[in-house]
Structure formats: structure tokens, C-alpha cells
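Peer 1: Sharing protein03.cif below, mmCIF, C-alpha atoms:
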```cif
data_model
#
loop_
_atom_site.label_atom_id
_atom_site.label_comp_id
_atom_site.auth_asym_id
_atom_site.auth_seq_id
_atom_site.Cartn_x
_atom_site.Cartn_y
_atom_site.Cartn_z
CA GLN A 198 -16.07 -197.66 148.74
CA ALA A 199 -15.17 -194.03 148.04
CA LEU A 200 -15.04 -192.84 144.37
CA PRO A 201 -11.63 -191.72 143.05
CA THR A 202 -10.96 -188.02 143.31
CA PRO A 203 -10.23 -186.34 139.94
CA PRO A 204 -6.76 -184.84 139.61
CA LEU A 205 -6.36 -181.18 140.40
CA PRO A 206 -5.26 -178.84 137.63
CA PRO A 207 -1.57 -178.06 137.72
CA ALA A 208 -0.59 -175.13 139.82
CA SER A 209 0.82 -172.01 138.26
CA ALA A 210 4.17 -170.63 139.17
CA GLY A 211 2.57 -168.58 141.96
CA GLY A 212 0.80 -171.61 143.33
CA ALA A 213 -2.70 -170.72 141.96
CA ALA A 214 -4.64 -173.14 139.75
CA ALA A 215 -4.51 -172.49 135.96
CA PRO A 216 -7.83 -171.30 134.47
CA THR A 217 -9.90 -173.86 132.52
CA PRO A 218 -9.80 -173.10 128.70
CA ARG A 219 -13.14 -171.84 127.29
CA THR A 220 -14.85 -173.74 124.46
CA PRO A 221 -15.26 -171.47 121.37
CA ALA A 222 -18.83 -170.60 120.36
CA PRO A 223 -20.15 -172.48 117.29
CA PRO A 224 -20.29 -170.48 113.99
CA PRO A 225 -23.68 -169.01 113.02
CA PRO A 226 -25.72 -171.11 110.59
CA PRO A 227 -25.34 -170.09 106.91
CA SER A 228 -28.01 -167.76 105.57
CA ARG A 229 -30.51 -169.52 103.35
CA GLN A 230 -31.33 -168.26 99.88
CA PRO A 231 -35.02 -167.96 99.02
CA ALA A 232 -36.23 -171.19 97.51
CA GLY A 233 -38.33 -171.67 94.43
CA PRO A 234 -40.66 -174.52 93.63
CA PRO A 235 -39.10 -177.99 93.92
CA ASP A 236 -37.44 -179.48 90.86
CA ALA A 237 -37.68 -183.09 89.67
CA SER A 238 -35.71 -184.26 92.72
CA GLN A 239 -38.32 -182.59 94.99
CA ARG A 240 -35.62 -180.37 96.47
CA PRO A 241 -36.30 -176.60 96.54
CA GLN A 242 -34.47 -174.58 93.90
CA VAL A 243 -32.23 -171.77 95.06
CA LEU A 244 -33.11 -168.60 93.14
CA THR A 245 -30.49 -166.06 92.15
CA PRO A 246 -31.15 -162.32 92.60
CA ALA A 247 -31.78 -162.04 88.84
CA GLU A 248 -34.34 -164.84 88.97
CA LEU A 249 -36.01 -163.24 91.98
CA MET A 250 -36.26 -159.95 90.09
CA LYS A 251 -37.67 -161.75 87.03
CA ARG A 252 -40.31 -163.44 89.20
CA HIS A 253 -41.22 -160.12 90.82
CA LEU A 254 -41.63 -158.42 87.43
CA ARG A 255 -43.71 -161.32 86.15
CA LYS A 256 -46.09 -161.04 89.12
CA LYS A 257 -46.33 -157.31 88.60
CA ALA A 258 -47.12 -157.80 84.90
CA ASN A 259 -49.72 -160.45 85.77
CA LEU A 260 -51.44 -158.01 88.12
CA LYS A 261 -51.56 -155.40 85.34
CA LEU A 262 -53.15 -157.91 82.94
CA VAL A 263 -55.74 -158.96 85.49
CA GLU A 264 -56.65 -155.37 86.23
CA ALA A 265 -56.97 -154.65 82.48
CA ARG A 266 -59.02 -157.79 81.81
CA GLU A 267 -62.11 -156.04 80.46
CA ASP A 268 -60.09 -153.69 78.23
CA LEU A 269 -58.04 -156.62 76.93
CA LEU A 270 -61.10 -158.66 76.02
CA ALA A 271 -62.70 -155.66 74.31
CA ALA A 272 -59.53 -154.98 72.28
CA MET A 273 -59.25 -158.61 71.20
CA GLU A 274 -62.91 -158.79 70.20
CA SER A 275 -62.47 -155.61 68.15
CA LEU A 276 -59.40 -157.04 66.43
CA ALA A 277 -61.09 -160.35 65.67
CA ALA A 278 -63.96 -158.53 63.93
CA ALA A 279 -61.99 -155.75 62.20
CA GLN A 280 -62.19 -155.22 58.44
CA TRP A 281 -59.53 -153.28 56.54
CA GLY A 282 -60.40 -151.81 53.18
CA ASP A 283 -56.88 -151.55 51.77
CA VAL A 284 -53.24 -152.12 52.62
CA GLU A 285 -52.57 -148.65 54.00
CA THR A 286 -55.59 -148.93 56.30
CA ALA A 287 -54.26 -152.27 57.56
CA LEU A 288 -50.81 -150.78 58.22
CA ASP A 289 -52.33 -147.88 60.15
CA ALA A 290 -54.49 -150.36 62.08
CA TYR A 291 -51.38 -152.28 63.10
CA ASP A 292 -49.75 -149.13 64.51
CA THR A 293 -52.84 -148.39 66.59
CA LEU A 294 -53.12 -152.00 67.74
CA ALA A 295 -49.45 -152.24 68.71
CA ARG A 296 -49.61 -149.12 70.87
CA GLN A 297 -52.88 -150.22 72.50
CA MET A 298 -51.67 -153.72 73.37
CA ASP A 299 -48.32 -152.45 74.63
CA ASP A 300 -50.16 -150.11 76.98
CA LEU A 301 -52.30 -153.00 78.23
CA GLY A 302 -49.24 -155.17 78.87
CA LEU A 303 -49.81 -157.71 76.08
CA PRO A 304 -47.48 -156.84 73.16
CA VAL A 305 -48.12 -158.35 69.75
CA GLU A 306 -44.55 -159.58 69.30
CA GLY A 307 -44.37 -161.21 72.76
CA GLU A 308 -45.68 -164.55 73.97
CA ALA A 309 -48.75 -166.13 72.42
CA TRP A 310 -51.64 -164.34 74.08
CA ALA A 311 -53.54 -167.52 75.02
CA GLU A 312 -50.44 -168.75 76.87
CA ARG A 313 -49.63 -165.43 78.49
CA LEU A 314 -53.13 -165.05 79.93
CA VAL A 315 -53.03 -168.33 81.84
CA ILE A 316 -52.87 -166.60 85.25
CA SER A 317 -53.92 -168.65 88.26
CA LYS A 318 -55.98 -167.31 91.14
CA LYS A 319 -54.77 -167.82 94.70
CA GLY A 320 -57.88 -169.76 95.65
CA GLY A 321 -57.82 -171.89 92.48
CA GLY A 322 -59.02 -171.38 88.93
CA SER A 323 -57.85 -168.79 86.43
CA HIS A 324 -58.50 -165.10 85.94
CA PHE A 325 -59.14 -165.77 82.23
CA ASN A 326 -61.51 -168.60 81.41
CA ASP A 327 -61.42 -170.99 78.44
CA GLU A 328 -63.61 -168.72 76.33
CA ASP A 329 -61.28 -165.78 77.00
CA LEU A 330 -58.25 -167.86 76.03
CA ALA A 331 -59.91 -169.04 72.81
CA LEU A 332 -60.59 -165.42 71.88
CA ALA A 333 -56.97 -164.54 72.71
CA SER A 334 -55.74 -167.33 70.44
CA ARG A 335 -57.84 -166.14 67.46
CA ALA A 336 -56.97 -162.49 67.99
CA HIS A 337 -53.25 -163.12 68.34
CA ALA A 338 -53.14 -165.23 65.19
CA ARG A 339 -54.53 -162.25 63.31
CA ALA A 340 -52.36 -159.72 65.13
CA SER A 341 -49.13 -161.66 64.50
CA ALA A 342 -49.98 -161.98 60.80
CA LEU A 343 -50.61 -158.24 60.62
CA TYR A 344 -47.32 -157.62 62.48
CA ASP A 345 -45.30 -159.74 60.02
CA PHE A 346 -46.99 -158.12 57.03
CA ALA A 347 -46.40 -154.59 58.32
CA ILE A 348 -42.74 -155.23 59.15
CA ARG A 349 -41.92 -156.72 55.74
CA ALA A 350 -43.93 -154.24 53.70
CA ARG A 351 -42.22 -151.33 55.45
CA GLN A 352 -38.78 -152.88 55.06
CA LEU A 353 -39.28 -153.10 51.30
CA ARG A 354 -40.72 -149.59 51.12
CA GLN A 355 -37.94 -148.08 53.23
CA ARG A 356 -35.21 -149.83 51.24
CA ALA A 357 -36.70 -148.44 48.03
CA ALA A 358 -36.58 -144.93 49.51
CA ASN A 359 -32.98 -145.45 50.67
CA VAL A 360 -31.93 -146.69 47.23
CA THR A 361 -33.43 -143.66 45.56
CA ALA A 362 -31.64 -141.25 47.90
CA LEU A 363 -28.29 -143.06 48.15
CA SER A 364 -26.50 -141.48 45.21
CA ALA A 365 -27.15 -137.93 46.43
CA ALA A 366 -26.15 -138.89 49.97
CA LEU A 367 -22.83 -140.31 48.78
CA GLU A 368 -22.14 -137.27 46.62
CA ALA A 369 -22.64 -135.05 49.67
CA ASN A 370 -19.89 -136.90 51.55
CA PRO A 371 -16.57 -135.30 50.57
CA SER A 372 -14.52 -138.00 52.31
CA LEU A 373 -15.58 -140.64 49.78
CA SER A 374 -13.62 -141.00 46.58
CA ARG A 375 -15.44 -141.66 43.35
CA ASP A 376 -14.45 -145.29 43.15
CA LYS A 377 -15.67 -145.84 46.72
CA ARG A 378 -18.97 -144.18 45.88
CA ILE A 379 -19.46 -146.58 42.97
CA ALA A 380 -18.54 -149.50 45.24
CA ARG A 381 -21.23 -148.42 47.72
CA LEU A 382 -23.78 -148.21 44.93
CA HIS A 383 -22.84 -151.71 43.78
CA GLU A 384 -23.17 -153.06 47.33
CA ALA A 385 -26.61 -151.48 47.56
CA VAL A 386 -27.73 -153.44 44.48
CA HIS A 387 -26.81 -156.73 46.16
CA ALA A 388 -28.36 -155.76 49.50
CA ALA A 389 -31.65 -154.72 47.91
CA VAL A 390 -31.93 -157.87 45.80
CA LYS A 391 -31.13 -160.00 48.85
CA LEU A 392 -33.96 -158.35 50.82
CA TYR A 393 -36.34 -158.86 47.90
CA ARG A 394 -35.52 -162.55 47.63
CA GLU A 395 -35.64 -163.19 51.36
CA THR A 396 -39.06 -161.54 51.56
CA LEU A 397 -40.75 -162.74 48.38
CA GLU A 398 -38.85 -165.80 47.15
CA ALA A 399 -38.02 -167.63 50.39
CA GLY A 400 -39.45 -171.10 50.95
CA ALA A 401 -42.02 -169.79 53.43
CA ALA A 402 -43.19 -166.88 51.25
CA ASP A 403 -46.23 -168.69 49.86
CA ALA A 404 -47.24 -169.96 53.29
CA ASP A 405 -46.88 -166.46 54.70
CA GLN A 406 -49.10 -165.03 51.99
CA ARG A 407 -51.76 -167.63 52.77
CA ARG A 408 -51.55 -166.63 56.42
CA PHE A 409 -51.98 -162.97 55.47
CA ASP A 410 -55.00 -163.88 53.36
CA GLU A 411 -56.53 -165.90 56.20
CA ALA A 412 -56.03 -162.94 58.53
CA GLY A 413 -58.04 -160.76 56.15
CA ILE A 414 -55.15 -158.49 55.18
CA PRO A 415 -55.98 -156.91 51.80
CA GLY A 416 -53.36 -156.99 49.09
CA ALA A 417 -49.95 -158.64 49.11
CA LEU A 418 -46.26 -157.91 49.60
CA GLN A 419 -45.45 -158.18 45.89
CA PRO A 420 -46.32 -154.53 45.07
CA PHE A 421 -43.84 -153.42 47.73
CA GLY A 422 -41.22 -155.68 46.15
CA ASP A 423 -41.98 -154.25 42.71
CA GLN A 424 -41.51 -150.78 44.16
CA LEU A 425 -38.04 -151.77 45.33
CA LEU A 426 -37.05 -153.26 41.97
CA ALA A 427 -38.29 -150.13 40.22
CA ALA A 428 -35.96 -148.04 42.41
CA LEU A 429 -32.82 -150.07 41.62
CA PRO A 430 -31.96 -148.29 38.32
CA ALA A 431 -31.23 -145.18 40.41
CA LEU A 432 -28.08 -146.97 41.60
CA ALA A 433 -26.94 -147.57 38.03
CA HIS A 434 -27.72 -143.94 37.12
CA GLY A 435 -25.58 -142.77 40.03
CA ALA A 436 -22.63 -144.90 38.94
CA TYR A 437 -22.99 -143.72 35.34
CA ALA A 438 -23.06 -140.06 36.40
CA ILE A 439 -19.74 -140.48 38.22
CA ALA A 440 -18.08 -142.11 35.23
CA ALA A 441 -19.56 -139.59 32.79
CA ASP A 442 -18.19 -136.71 34.85
CA GLU A 443 -14.74 -138.32 34.82
CA LEU A 444 -14.90 -138.74 31.04
CA SER A 445 -16.05 -135.15 30.58
CA SER A 446 -13.09 -133.92 32.64
CA LEU A 447 -10.74 -136.06 30.55
CA ARG A 448 -12.01 -134.54 27.33
CA ARG A 449 -11.38 -131.03 28.67
CA GLU A 450 -7.76 -131.84 29.50
CA ALA A 451 -4.98 -130.69 27.22
CA PRO A 452 -3.66 -133.54 25.05
CA SER A 453 -0.34 -133.42 26.88
CA SER A 454 -1.98 -134.13 30.25
CA GLN A 455 -4.67 -136.61 29.17
CA ARG A 456 -2.24 -139.48 29.66
CA PHE A 457 -2.35 -138.94 33.42
CA ARG A 458 -6.13 -139.11 33.62
CA ALA A 459 -7.10 -141.64 30.94
CA SER A 460 -6.15 -144.71 32.98
CA ARG A 461 -8.25 -143.57 35.95
CA VAL A 462 -11.22 -142.81 33.70
CA ALA A 463 -11.05 -146.32 32.28
CA THR A 464 -10.99 -147.79 35.80
CA ILE A 465 -13.98 -145.72 36.97
CA ALA A 466 -15.93 -146.54 33.80
CA ARG A 467 -15.31 -150.26 34.28
CA GLN A 468 -16.61 -150.04 37.85
CA ALA A 469 -19.76 -148.29 36.67
CA LEU A 470 -20.19 -150.80 33.86
CA ALA A 471 -20.00 -153.66 36.38
CA VAL A 472 -22.92 -152.08 38.29
CA HIS A 473 -24.99 -151.95 35.10
CA ILE A 474 -24.16 -155.50 34.02
CA ASP A 475 -24.93 -156.88 37.50
CA LEU A 476 -28.17 -154.93 37.79
CA CYS A 477 -29.40 -156.08 34.38
CA ALA A 478 -28.61 -159.70 35.23
CA GLN A 479 -30.46 -159.45 38.57
CA LEU A 480 -33.53 -157.85 37.00
CA GLU A 481 -33.60 -160.44 34.23
CA HIS A 482 -33.39 -163.28 36.78
CA LEU A 483 -36.26 -161.72 38.72
CA LYS A 484 -38.27 -161.38 35.48
CA HIS A 485 -38.32 -157.60 35.79
CA ALA A 486 -37.77 -155.46 32.71
CA THR A 487 -34.56 -153.45 32.45
CA PRO A 488 -35.26 -149.77 31.67
CA ASP A 489 -34.01 -148.54 28.31
CA ALA A 490 -32.04 -145.78 30.05
CA VAL A 491 -29.91 -148.37 31.86
CA SER A 492 -29.17 -150.21 28.62
CA GLN A 493 -28.22 -146.93 26.92
CA GLU A 494 -25.90 -145.97 29.77
CA GLN A 495 -24.25 -149.38 29.56
CA ALA A 496 -23.47 -148.85 25.86
CA GLU A 497 -22.05 -145.38 26.58
CA LEU A 498 -19.83 -146.75 29.34
CA GLU A 499 -18.43 -149.37 26.98
CA ASN A 500 -17.61 -146.57 24.50
CA ALA A 501 -16.00 -144.52 27.27
CA ILE A 502 -13.75 -147.43 28.21
CA THR A 503 -12.72 -147.84 24.58
CA GLU A 504 -11.94 -144.12 24.29
CA ALA A 505 -9.91 -144.02 27.52
CA ASP A 506 -7.98 -147.17 26.69
CA ALA A 507 -7.12 -145.74 23.29
CA LEU A 508 -5.71 -142.59 24.87
CA VAL A 509 -3.62 -144.68 27.26
CA GLY A 510 -2.34 -146.75 24.34
CA ASP A 511 -1.53 -143.68 22.21
CA HIS A 512 0.55 -142.11 24.96
CA GLU A 513 2.37 -145.35 25.65
CA GLU A 514 3.27 -145.60 21.96
CA ALA A 515 4.41 -141.97 21.93
CA GLU A 516 6.65 -142.57 24.93
CA LEU A 517 8.12 -145.64 23.26
CA ASP A 518 8.86 -143.67 20.08
CA ASP A 519 10.55 -140.93 22.11
CA THR A 520 12.69 -143.52 23.85
CA VAL A 521 13.76 -145.12 20.57
#
```
Would you give me this structure, written as C-alpha cells?

Peer 2:
Amino acid sequence: QALPTPPLPPASAGGAAAPTPRTPAPPPPPSRQPAGPPDASQRPQVLTPAELMKRHLRKKANLKLVEAREDLLAAMESLAAAQWGDVETALDAYDTLARQMDDLGLPVEGEAWAERLVISKKGGGSHFNDEDLALASRAHARASALYDFAIRARQLRQRAANVTALSAALEANPSLSRDKRIARLHEAVHAAVKLYRETLEAGAADADQRRFDEAGIPGALQPFGDQLLAALPALAHGAYAIAADELSSLRREAPSSQRFRASRVATIARQALAVHIDLCAQLEHLKHATPDAVSQEQAELENAITEADALVGDHEEAELDDTV
């Protein structure tokens, strides 16, 4: 029996058969992102361009460390055996060490050296053996202690220098009024005392000092803190000088015009007195002696306030009498 003949396509208007529609081509497959190592689900991770760049830089840094292996081991052995005679020698040694290790690709303030040097070989094993990593651990413990000591010692020393120079720097700025200059000096008292306490009275201060001792760092941070406390009276002197200049100007005024200046002098003197009172309280709390000059200035400021207030009161009484 003959098979059925399929139907012919419908004829066009001119009698010709209509063309068969063409099947569209399938879309191209999506591009695949580079995959990283599988995660916990055993599926490859898709890395972003930033992650790819980070991986590339890490490999490049690893290659630098491997190539510098002998220099790294020599530097760490030298650090582990180093002896520093005094604090300044230790600080200079840190500067040299920091530059050297940065150049070798193993900065002091980066990862723990024993962890950073775990660099696998392609054929298995590690470029740095267990003995190398043990040396790295000992050397980095000493380097990190030296780093922390150097940073804190220099912070205290620099703040002391800034405190000493602040009054002159403020005076050289014509845009600052006298009351704002005193306010800046007062703020500097609080900032300096805060740094002192955070460095030398924090809960970890004793533990840090033990770590410095174990690292063989001579001396302690306390002398740097004492240097800062010894600089603080310069802030009180600066505030007193501003108030004293205001009082001197008031005394040169004619009696008829003193009324306009006396109130401002009293305000400035009270600001300066607040600096002295606060400074003395902070030094007493820190068991640091207050210089006699600061105490004398405080007494003079109290007298200046009394004098200025009296002038204000006299002129107010005179105005009242004129009104009556």
C-alpha cells in the first residue's frame, strides 16, 4: 500500500510555491569567567577582575620573596641577634630595618612573616622550610615590638615639639582672634593628655612594656611621656601672655574708654585662667609637679579678672548715677 503524500505548500498569488521559513541560529554560549578554586560546595568560584588582579599581584610578590630568599634569611638572622645600646640606637635600627624589609617585599607592619613565607612549590613542598619559618617567627616578634615602640615614642616626642611651638604658630596667624587662640591652646592640653594616657596608662601598657623588654629594646616609653608633660606648661604660658597683653592695653586706655575694653579683658582672662586650672588638675592627677611659674600666672590672672570686673562695675555705677 502506497504511503500518503504530504500536502504541498500553498501556492503564492503567481502560482509559485511559498518559500519554507528558515530556523534562526541558536545564540552563542555565554562567555565563562575564570574560575578559582572550588568552595565548600565543590563548585568553582567565579573571580571578579579585582580578585584576579589581587591574585596576580600576590603571585608576583611571592616570586619576589622567593628570589630574595637568601637576603631575607640573612636579614632576619641579623635582626634576631642584634643588640642596641640605647633607645636612640634602637630607633635608628628600626628605620634601617623598615627600609630593608620593604625593599625585600616583607614589610614589618604587614602579615606575620612566618605566615607570609608559606609559599608552595609547583612540584610540592615549600620554598621556605620549617627552620626558615621558625626564624621568621622569632625575627618578626622582635621587629613588631620595635615597630610599636618606635611609633609610640615618636608620637610622644613629636607632640611635645608641637606643644612647644603652638603658641608662636597661633600668634603668626592673623585670622585667629585672641579668644580662639586661647581655645586652641586649651584643646591642645586635652589632646596631649589623651595621647599620654592612651600610650602609658592604657590597660595594655604594662604588657607592651614587657614585650619591649623581651625584644631587647633598651629603656622605656615613660621618658618620652615625661618629655610631653614637661612641655605642657608652654600652653599655659601662651594663654597667659594673651591675657596679660589685653590687660596691659586696658591699663593704657584713657579712663573714659576703659569701660569698652574691661569686659573683654575679663572674658579673655577667664579663658586663660581655665587653661591654667585644667592644666594643674591634669598634672596633679598624673602625679607630675606643676611648675611655680604656672601657679604664679594663675594668681596674676585671678587679680586681672578682679581688676577688670571692678572697672566694669565702676562704669556701670557711673552710668546709673548719670541716669538718676

Peer 1: Residues at most 9 Å from Asp376 (chain A), counting only C-alpha atoms, excluding those fewer than 2 positions away in the same chain, as a list of chain:residue names?

Peer 2: A:Leu373, A:Ser374, A:Arg378, A:Ile379, A:Ala380, A:Arg381, A:Ile439, A:Thr464, A:Ile465, A:Gln468, A:Ala469

Peer 1: Name the residues that the PyMOL selection byres ((chain A and resi 304) around 12) pulls out of this structure, and write them as a list in words.

Peer 2: Ala258, Leu262, Leu269, Tyr291, Asp292, Thr293, Leu294, Ala295, Arg296, Gln297, Met298, Asp299, Asp300, Leu301, Gly302, Leu303, Val305, Glu306, Gly307, Glu308, Ala309, Trp310, Arg313, His337, Ala340, Ser341 and Tyr344 of chain A

Peer 1: I'd like the neighbourhood of Ser492 (chain A) as a ChimeraX atom specification, where a residue qualifies if any of its atoms comes within 9 Å (using only C-alpha atoms), though same-chain residues fewer than 5 positions away should be ignored.

Peer 2: /A:473,477,487,497

Peer 1: Just how far from CA of Thr361 (chain A) is CA of Gln493 (chain A), in Å to one decimal?

Peer 2: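 Rounded to one decimal, the two atoms are 19.6 Å apart.
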
Peer 1: Pick the closest to Leu353 (chain A) from A:Ala496, A:Leu426, A:Val263, A:Ala279: which is it, counting all atoms listed in the file?

Peer 2: A:Leu426

Peer 1: Using Å and a single decimal, report how far CA of Ala441 (chain A) sits from CA of Glu499 (chain A).

Peer 2: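 Spanning CA of Glu499 (chain A) to CA of Ala441 (chain A) is a straight-line distance of 11.4 Å.
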
Peer 1: A:Asn359, A:Asn259, A:Thr245, A:Ser334: which is nearest Met273 (chain A), counting all atoms listed in the file?

Peer 2: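 Ranking A:Asn359, A:Asn259, A:Thr245, A:Ser334 by distance to Met273 (chain A), first place goes to A:Ser334.
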
Peer 1: Enter the distance from CA of Ala433 (chain A) to CA of Glu395 (chain A), in Å, rounded to one decimal.

Peer 2: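 Calculated distance between CA of Ala433 (chain A) and CA of Glu395 (chain A) is 22.3 Å.
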
Peer 1: Using only C-alpha atoms, which of A:His434, A:Leu425, A:Leu332, A:Pro415 sits nearest Ala388 (chain A)?

Peer 2: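 The shortest atom-to-atom distance to Ala388 (chain A) comes from A:Leu425.
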
Peer 1: So what does the PyMOL selection byres ((chain A and resi 260) around 12) actually pick up in this one, as a ChimeraX atom specification?

Peer 2: /A:253-259,261-266,301-302,314,316-318,324

Peer 1: Could you give me, as a list in words, the residues within 10 Å of region 399-402 of chain A, counting only C-alpha atoms and dropping anything in the same chain fewer than 6 positions from it?

Peer 2: Tyr393, Arg408 and Leu418 of chain A

Peer 1: For Ala336 (chain A), which of A:Ala389, A:Ala272, A:Ile348, A:Met250 is the closest residue, counting all atoms listed in the file?

Peer 2: A:Ala272

Peer 1: Do a neighbour search on Ala362 (chain A) at 12 Å with only C-alpha atoms, toss out local chain neighbours closer than 2 positions, and write the hits as an mmCIF file with C-alpha atoms, in the coordinates of the input.

Peer 2:
```cif
data_model
loop_
_atom_site.group_PDB
_atom_site.id
_atom_site.type_symbol
_atom_site.label_atom_id
_atom_site.label_comp_id
_atom_site.auth_asym_id
_atom_site.auth_seq_id
_atom_site.Cartn_x
_atom_site.Cartn_y
_atom_site.Cartn_z
ATOM 1 C CA GLN A 355 -37.940 -148.080 53.230
ATOM 2 C CA ARG A 356 -35.210 -149.830 51.240
ATOM 3 C CA ALA A 357 -36.700 -148.440 48.030
ATOM 4 C CA ALA A 358 -36.580 -144.930 49.510
ATOM 5 C CA ASN A 359 -32.980 -145.450 50.670
ATOM 6 C CA VAL A 360 -31.930 -146.690 47.230
ATOM 7 C CA SER A 364 -26.500 -141.480 45.210
ATOM 8 C CA ALA A 365 -27.150 -137.930 46.430
ATOM 9 C CA ALA A 366 -26.150 -138.890 49.970
ATOM 10 C CA LEU A 367 -22.830 -140.310 48.780
ATOM 11 C CA GLU A 368 -22.140 -137.270 46.620
ATOM 12 C CA ALA A 369 -22.640 -135.050 49.670
ATOM 13 C CA LEU A 382 -23.780 -148.210 44.930
ATOM 14 C CA ALA A 385 -26.610 -151.480 47.560
ATOM 15 C CA ALA A 428 -35.960 -148.040 42.410
ATOM 16 C CA LEU A 429 -32.820 -150.070 41.620
ATOM 17 C CA PRO A 430 -31.960 -148.290 38.320
ATOM 18 C CA ALA A 431 -31.230 -145.180 40.410
ATOM 19 C CA LEU A 432 -28.080 -146.970 41.600
ATOM 20 C CA HIS A 434 -27.720 -143.940 37.120
ATOM 21 C CA GLY A 435 -25.580 -142.770 40.030
#
```

Peer 1: For the structure shown, which residues end up in the PyMOL selection byres ((chain A and resi 440) around 9)? Put them as a PDB file with C-alpha atoms, keeping the file's coordinate frame, please?

Peer 2:
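What landed in selection.pdb:
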```
ATOM      1  CA  ARG A 375     -15.440-141.660  43.350  1.00  0.00           C
ATOM      2  CA  GLY A 435     -25.580-142.770  40.030  1.00  0.00           C
ATOM      3  CA  ALA A 436     -22.630-144.900  38.940  1.00  0.00           C
ATOM      4  CA  TYR A 437     -22.990-143.720  35.340  1.00  0.00           C
ATOM      5  CA  ALA A 438     -23.060-140.060  36.400  1.00  0.00           C
ATOM      6  CA  ILE A 439     -19.740-140.480  38.220  1.00  0.00           C
ATOM      7  CA  ALA A 441     -19.560-139.590  32.790  1.00  0.00           C
ATOM      8  CA  ASP A 442     -18.190-136.710  34.850  1.00  0.00           C
ATOM      9  CA  GLU A 443     -14.740-138.320  34.820  1.00  0.00           C
ATOM     10  CA  LEU A 444     -14.900-138.740  31.040  1.00  0.00           C
ATOM     11  CA  SER A 445     -16.050-135.150  30.580  1.00  0.00           C
ATOM     12  CA  VAL A 462     -11.220-142.810  33.700  1.00  0.00           C
ATOM     13  CA  ALA A 463     -11.050-146.320  32.280  1.00  0.00           C
ATOM     14  CA  ILE A 465     -13.980-145.720  36.970  1.00  0.00           C
ATOM     15  CA  ALA A 466     -15.930-146.540  33.800  1.00  0.00           C
ATOM     16  CA  ARG A 467     -15.310-150.260  34.280  1.00  0.00           C
ATOM     17  CA  GLN A 468     -16.610-150.040  37.850  1.00  0.00           C
ATOM     18  CA  ALA A 469     -19.760-148.290  36.670  1.00  0.00           C
ATOM     19  CA  LEU A 498     -19.830-146.750  29.340  1.00  0.00           C
ATOM     20  CA  ALA A 501     -16.000-144.520  27.270  1.00  0.00           C
TER      21      ALA A 501
END
```

Peer 1: Neighbouring residues of Asp327 (chain A) were defined as those with any atom within 10 Å, considering all atoms listed in the file; residues of the same chain fewer than 6 positions away were excluded. Please report them as a short mmCIF file (atom, residue, chain, number, x, y, z; two decimals) with C-alpha atoms, in the coordinates of the input.

Peer 2:
```cif
data_model
loop_
_atom_site.label_atom_id
_atom_site.label_comp_id
_atom_site.auth_asym_id
_atom_site.auth_seq_id
_atom_site.Cartn_x
_atom_site.Cartn_y
_atom_site.Cartn_z
CA ALA A 311 -53.54 -167.52 75.02
CA VAL A 315 -53.03 -168.33 81.84
CA ALA A 333 -56.97 -164.54 72.71
#
```

Peer 1: Closest to Glu450 (chain A) among A:Pro371, A:Leu483, A:Gln495, A:Leu508, using all atoms listed in the file?

Peer 2: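 Smallest separation from Glu450 (chain A) among the options: A:Leu508.
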